[in-house]
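Everything on this sheet refers to the single structure shown next.
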Amino acid sequence: MMAMGTQGVLTEATYYILLSLYESLHGYGIMQKVTQMSNGRVQLGAGTLYGVLSTLVERGWIVETAQYDRRKEYLITEAGKAAVEAEMLRLAELWANGQAVTRGGQR
Amino acid sequence: MRAQEIGDIKWNKVVGQEHTVSKWWLSEDLAKIEEYLNQMIARGFRPVSIGWTSQFTFVPCAPGEYLCRTAMTVTNGGFYDKVKAAELSDLLVADGSSIVEQYATLGYRAGLIAVRPAAAGPFELTSDLDSRIAEYRARKRYYLLTGLCWFAAAMAFLCNALSFGTISSHWSAFSAITHTIFAFVLPLICVSLFLISSICGLVPAIRYQKAIKRLEAQRDISEV
């Protein structure tokens, strides 16, 4: 797994897009899945999605698995999964520290 | 086909449901076009196409029935990105949008204009700070380049006119009036027009630079 701090902080859009690609999906499927996972809170703009997908493919965190007409399907890679795991650790640390300070007094 | 006035809109052409009007801006800017199209939608006219020479065609709709958004379809280097244009329009269509116009001219002036029913919820092509900043950078680059090209043209024309006008041998065969027109009046008009065009390009570039700085400052404390 990628060491903490070597990849930078993932944006919310990137994090959710990576999570949604644990199954193979095309662009519009990703938009729907992200909306569903976040209970409608995160609604990806088409421009944002296109930009993030291009960057993630370049970085090797996702790959194109199929193409129907002009619709491409993508899937997360092992490197992408490592990035998600690292981000989850970071978020867990944020949450734990937040809990400790706000619910349990100063650490 | 006839010109017709509805409210204070003077249509150039009305064919069936299609109403066409010319709309010009001294300084063309995608943000202004988006604002204008949303204003027209608020008045009950949905844009369906944009022709050459800024001919906007609309069909009637319920006031505010749609939302309009614009984006540039260029690479990070500022050139037309065919793949981005195709994939972005496919995504938009899948998401329930209609593409009003998709254009690519001069290799670096490329973008799209889309509308989506307002009932489908908020409509943004960029939903986070990073992609919004990237979009504004693309726009800034385009307007900056346009402004600088016009400025270079103005300077080249000025230098050429000055050198031509001051070499007296060129003018021995012409009258004083002809000399004045060709050596001073016409160059002055052309250089002025080029400089105005240059300013019209540079003003949006400065506006986008300010917007980028504002968003970058926001990003320091927030991602979305």
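Chain labels run A, B, ... following the order of the structure tokens; each chain numbers its residues from 1, and ligands are numbered from 1 in the order shown.
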
DSSP strand (DSSP E or B) residues within chain A, as JSON, numbers by chain
{"A": [25, 26, 62, 63, 64, 65, 66, 67, 68, 71, 72, 73, 74, 75, 76]}

Please provide the set of residues having any atom within 10 Å of Gly29 (chain A), restricted to only C-alpha atoms, with same-chain residues fewer than 4 positions apart removed, written as a PyMOL selection string.
(chain A and resi 20-21+24-25+33-35+73) or (chain B and resi 91+94-95)

Using only C-alpha atoms, which chain B residues lie at most 9 Å away from chain A, written as a ChimeraX atom specification?
/B:71,84,86-92,94-95,122-128,130-132,134-135,223-224

Could you name the residues that touch Ile62 (chain A) at 8 Å or less, counting only C-alpha atoms, but leaving out those on the same chain fewer than 5 positions away, as a ChimeraX atom specification?
/A:18,21,53,56-57,74-77,80

Measuring between only C-alpha atoms, which one of B:Ile33, B:Asn76, B:Met155, B:Ile189 shows the shortest distance to Glu101 (chain B)?
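Smallest distance to Glu101 (chain B) is found for B:Ile33.
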
Would you list the contacts of Val100 (chain B) as a PyMOL selection string, taking every protein, DNA or RNA residue within 12 Å and counting only C-alpha atoms, but skipping same-chain residues closer than 3 positions in sequence?
chain B and resi 34+37+46-51+56-59+66-71+89+92-93+97+103+111-116

Would you save the residues from that selection as a compact mmCIF listing (two decimals), in the first residue's frame, using C-alpha atoms?
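Generated output (out_3.txt):
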```txt
# COMPACT_ATOMS: atom_id res chain seq x y z
CA GLU B 34 -24.00 31.98 -20.98
CA LEU B 37 -28.75 32.63 -22.99
CA ARG B 46 -34.63 28.12 -25.32
CA PRO B 47 -31.50 28.39 -27.49
CA VAL B 48 -31.26 25.71 -30.17
CA SER B 49 -28.36 26.84 -32.31
CA ILE B 50 -25.83 29.58 -32.85
CA GLY B 51 -24.91 30.35 -36.41
CA PHE B 56 -28.81 33.01 -32.06
CA THR B 57 -31.84 30.83 -32.77
CA PHE B 58 -34.41 30.11 -30.05
CA VAL B 59 -37.67 28.18 -29.71
CA TYR B 66 -33.83 25.17 -18.79
CA LEU B 67 -30.38 26.02 -17.49
CA CYS B 68 -27.52 26.87 -19.84
CA ARG B 69 -23.81 26.21 -19.27
CA THR B 70 -20.68 26.68 -21.35
CA ALA B 71 -17.23 25.10 -21.40
CA SER B 89 -20.86 16.10 -25.14
CA LEU B 92 -23.90 15.76 -21.16
CA VAL B 93 -26.36 14.09 -23.51
CA SER B 97 -28.63 17.85 -21.66
CA TYR B 103 -17.46 24.81 -32.17
CA GLY B 111 -16.06 25.06 -26.76
CA LEU B 112 -19.58 23.89 -26.25
CA ILE B 113 -22.86 25.31 -25.03
CA ALA B 114 -25.41 23.00 -23.44
CA VAL B 115 -28.86 23.29 -21.87
CA ARG B 116 -30.60 20.95 -19.45
```

Name the residues of chain A that come out as alpha helix (DSSP H) in a backbone DSSP run; write them as a PyMOL selection string.
chain A and resi 12-20+27-37+46-59+78-102

So which residues touch Trp24 (chain B) within 9 Å, counting only C-alpha atoms, skipping near sequence neighbours fewer than 4 positions away, as an MDAnalysis selection string?
chainID B and resid 28 53:54
